[in-house]
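Student: What follows is coords.cif, made up of mmCIF, N, CA and C atoms:
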data_query
#
loop_
_atom_site.label_atom_id
_atom_site.label_comp_id
_atom_site.auth_asym_id
_atom_site.auth_seq_id
_atom_site.Cartn_x
_atom_site.Cartn_y
_atom_site.Cartn_z
N MET H 1 50.33 -59.85 -23.91
CA MET H 1 50.07 -58.51 -23.40
C MET H 1 51.26 -57.62 -23.74
N ARG H 2 50.99 -56.41 -24.19
CA ARG H 2 52.05 -55.47 -24.55
C ARG H 2 52.57 -54.78 -23.30
N TYR H 3 53.87 -54.57 -23.26
CA TYR H 3 54.46 -53.87 -22.13
C TYR H 3 54.58 -52.38 -22.44
N LEU H 4 54.63 -51.57 -21.41
CA LEU H 4 54.79 -50.14 -21.59
C LEU H 4 56.27 -49.80 -21.73
N ARG H 5 56.60 -49.06 -22.74
CA ARG H 5 57.99 -48.68 -22.95
C ARG H 5 58.29 -47.41 -22.16
N PRO H 6 59.52 -47.28 -21.72
CA PRO H 6 59.90 -46.05 -20.99
C PRO H 6 59.82 -44.82 -21.90
N PHE H 7 59.53 -43.70 -21.31
CA PHE H 7 59.40 -42.44 -22.03
C PHE H 7 60.68 -42.13 -22.81
N GLU H 8 61.83 -42.38 -22.18
CA GLU H 8 63.12 -42.08 -22.81
C GLU H 8 63.31 -42.84 -24.12
N GLU H 9 62.72 -44.01 -24.23
CA GLU H 9 62.83 -44.81 -25.46
C GLU H 9 62.17 -44.09 -26.63
N PHE H 10 61.03 -43.47 -26.39
CA PHE H 10 60.33 -42.72 -27.43
C PHE H 10 61.15 -41.51 -27.86
N ILE H 11 61.82 -40.87 -26.91
CA ILE H 11 62.67 -39.71 -27.24
C ILE H 11 63.83 -40.15 -28.12
N LYS H 12 64.48 -41.25 -27.76
CA LYS H 12 65.62 -41.75 -28.54
C LYS H 12 65.21 -42.08 -29.97
N GLU H 13 64.03 -42.65 -30.14
CA GLU H 13 63.54 -43.02 -31.47
C GLU H 13 63.15 -41.80 -32.29
N GLY H 14 62.88 -40.71 -31.61
CA GLY H 14 62.42 -39.51 -32.31
C GLY H 14 60.92 -39.49 -32.51
N THR H 15 60.22 -40.43 -31.88
CA THR H 15 58.76 -40.48 -31.98
C THR H 15 58.16 -39.24 -31.32
N ILE H 16 58.73 -38.85 -30.20
CA ILE H 16 58.28 -37.65 -29.49
C ILE H 16 59.50 -36.84 -29.10
N ARG H 17 59.24 -35.62 -28.67
CA ARG H 17 60.34 -34.81 -28.16
C ARG H 17 59.86 -34.10 -26.90
N LYS H 18 60.80 -33.86 -26.01
CA LYS H 18 60.45 -33.17 -24.78
C LYS H 18 60.19 -31.71 -25.11
N GLY H 19 59.15 -31.19 -24.55
CA GLY H 19 58.83 -29.79 -24.76
C GLY H 19 59.17 -28.99 -23.52
N THR H 20 59.13 -27.70 -23.67
CA THR H 20 59.36 -26.83 -22.53
C THR H 20 58.02 -26.48 -21.90
N GLY H 21 58.05 -26.18 -20.64
CA GLY H 21 56.83 -25.83 -19.94
C GLY H 21 56.33 -24.46 -20.36
N ASP H 22 55.05 -24.31 -20.45
CA ASP H 22 54.43 -23.03 -20.80
C ASP H 22 53.75 -22.50 -19.54
N LYS H 23 54.47 -21.66 -18.79
CA LYS H 23 53.97 -21.18 -17.50
C LYS H 23 52.70 -20.36 -17.65
N GLU H 24 52.62 -19.55 -18.67
CA GLU H 24 51.42 -18.73 -18.87
C GLU H 24 50.19 -19.60 -19.15
N ARG H 25 50.38 -20.64 -19.94
CA ARG H 25 49.28 -21.56 -20.24
C ARG H 25 48.85 -22.29 -18.98
N ALA H 26 49.81 -22.70 -18.16
CA ALA H 26 49.51 -23.39 -16.91
C ALA H 26 48.70 -22.48 -15.98
N LYS H 27 49.11 -21.22 -15.86
CA LYS H 27 48.38 -20.27 -15.03
C LYS H 27 46.95 -20.09 -15.54
N SER H 28 46.83 -19.99 -16.85
CA SER H 28 45.52 -19.81 -17.46
C SER H 28 44.60 -21.00 -17.16
N LEU H 29 45.15 -22.20 -17.26
CA LEU H 29 44.36 -23.40 -16.98
C LEU H 29 43.93 -23.47 -15.53
N ILE H 30 44.81 -23.07 -14.61
CA ILE H 30 44.47 -23.07 -13.18
C ILE H 30 43.35 -22.07 -12.90
N ILE H 31 43.47 -20.88 -13.45
CA ILE H 31 42.44 -19.85 -13.25
C ILE H 31 41.10 -20.32 -13.81
N GLU H 32 41.12 -20.90 -14.99
CA GLU H 32 39.88 -21.40 -15.62
C GLU H 32 39.26 -22.52 -14.79
N ALA H 33 40.08 -23.42 -14.28
CA ALA H 33 39.57 -24.52 -13.46
C ALA H 33 38.95 -24.00 -12.17
N GLU H 34 39.59 -23.02 -11.54
CA GLU H 34 39.03 -22.45 -10.31
C GLU H 34 37.72 -21.73 -10.59
N ARG H 35 37.66 -21.03 -11.71
CA ARG H 35 36.43 -20.32 -12.07
C ARG H 35 35.28 -21.31 -12.28
N LYS H 36 35.56 -22.40 -12.97
CA LYS H 36 34.52 -23.40 -13.22
C LYS H 36 34.10 -24.10 -11.94
N LYS H 37 35.07 -24.34 -11.05
CA LYS H 37 34.76 -24.97 -9.77
C LYS H 37 33.83 -24.08 -8.95
N ASP H 38 34.15 -22.78 -8.89
CA ASP H 38 33.31 -21.83 -8.16
C ASP H 38 31.92 -21.75 -8.77
N SER H 39 31.86 -21.76 -10.08
CA SER H 39 30.58 -21.69 -10.78
C SER H 39 29.73 -22.92 -10.49
N SER H 40 30.36 -24.09 -10.46
CA SER H 40 29.59 -25.31 -10.19
C SER H 40 29.11 -25.35 -8.75
N LYS H 41 29.86 -24.76 -7.82
CA LYS H 41 29.43 -24.69 -6.42
C LYS H 41 28.17 -23.86 -6.30
N GLU H 42 28.09 -22.77 -7.08
CA GLU H 42 26.91 -21.90 -7.04
C GLU H 42 25.68 -22.66 -7.54
N VAL H 43 25.84 -23.49 -8.53
CA VAL H 43 24.72 -24.25 -9.08
C VAL H 43 24.24 -25.28 -8.06
N ILE H 44 25.17 -25.90 -7.35
CA ILE H 44 24.82 -26.93 -6.38
C ILE H 44 24.11 -26.35 -5.18
N PHE H 45 24.56 -25.19 -4.71
CA PHE H 45 23.97 -24.59 -3.49
C PHE H 45 22.97 -23.59 -3.85
#
How would this structure read if it were set down as structure tokens?
Tutor:
Amino acid sequence: MRYLRPFEEFIKEGTIRKGTGDKERAKSLIIEAERKKDSSKEVIF
């Protein structure tokens, strides 16, 4: 069975790099999720 390597190991190898947070994208995703949730409630009721 393969073990899971720590995230930091991938950073050291250069396989991945840490990114910065995109606050505007996060806000957009939250608004979209809330809109879809409200829309699905209307369909159910």
Student: I need the residues of chain H that end up classed as alpha helix (DSSP H) by DSSP on the backbone, written out as number ranges by chain.
Tutor: H: 7-13, 23-44
Student: So how far away is atom C of Gly19 of chain H from atom N of Tyr3 of chain H, in Å?
Tutor: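 We find that atom N of Tyr3 of chain H and atom C of Gly19 of chain H lie 26.1 Å from each other.
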Student: Just to confirm, what's the straight-line distance from atom CA of Asp38 of chain H to atom N of Glu24 of chain H in Å (one decimal)?
Tutor: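 Between these atoms lies a distance of 22.1 Å.
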Student: For atom N of Ile30 of chain H and atom C of Thr15 of chain H, quote the distance in Å rounded to one decimal.
Tutor: 26.8 Å
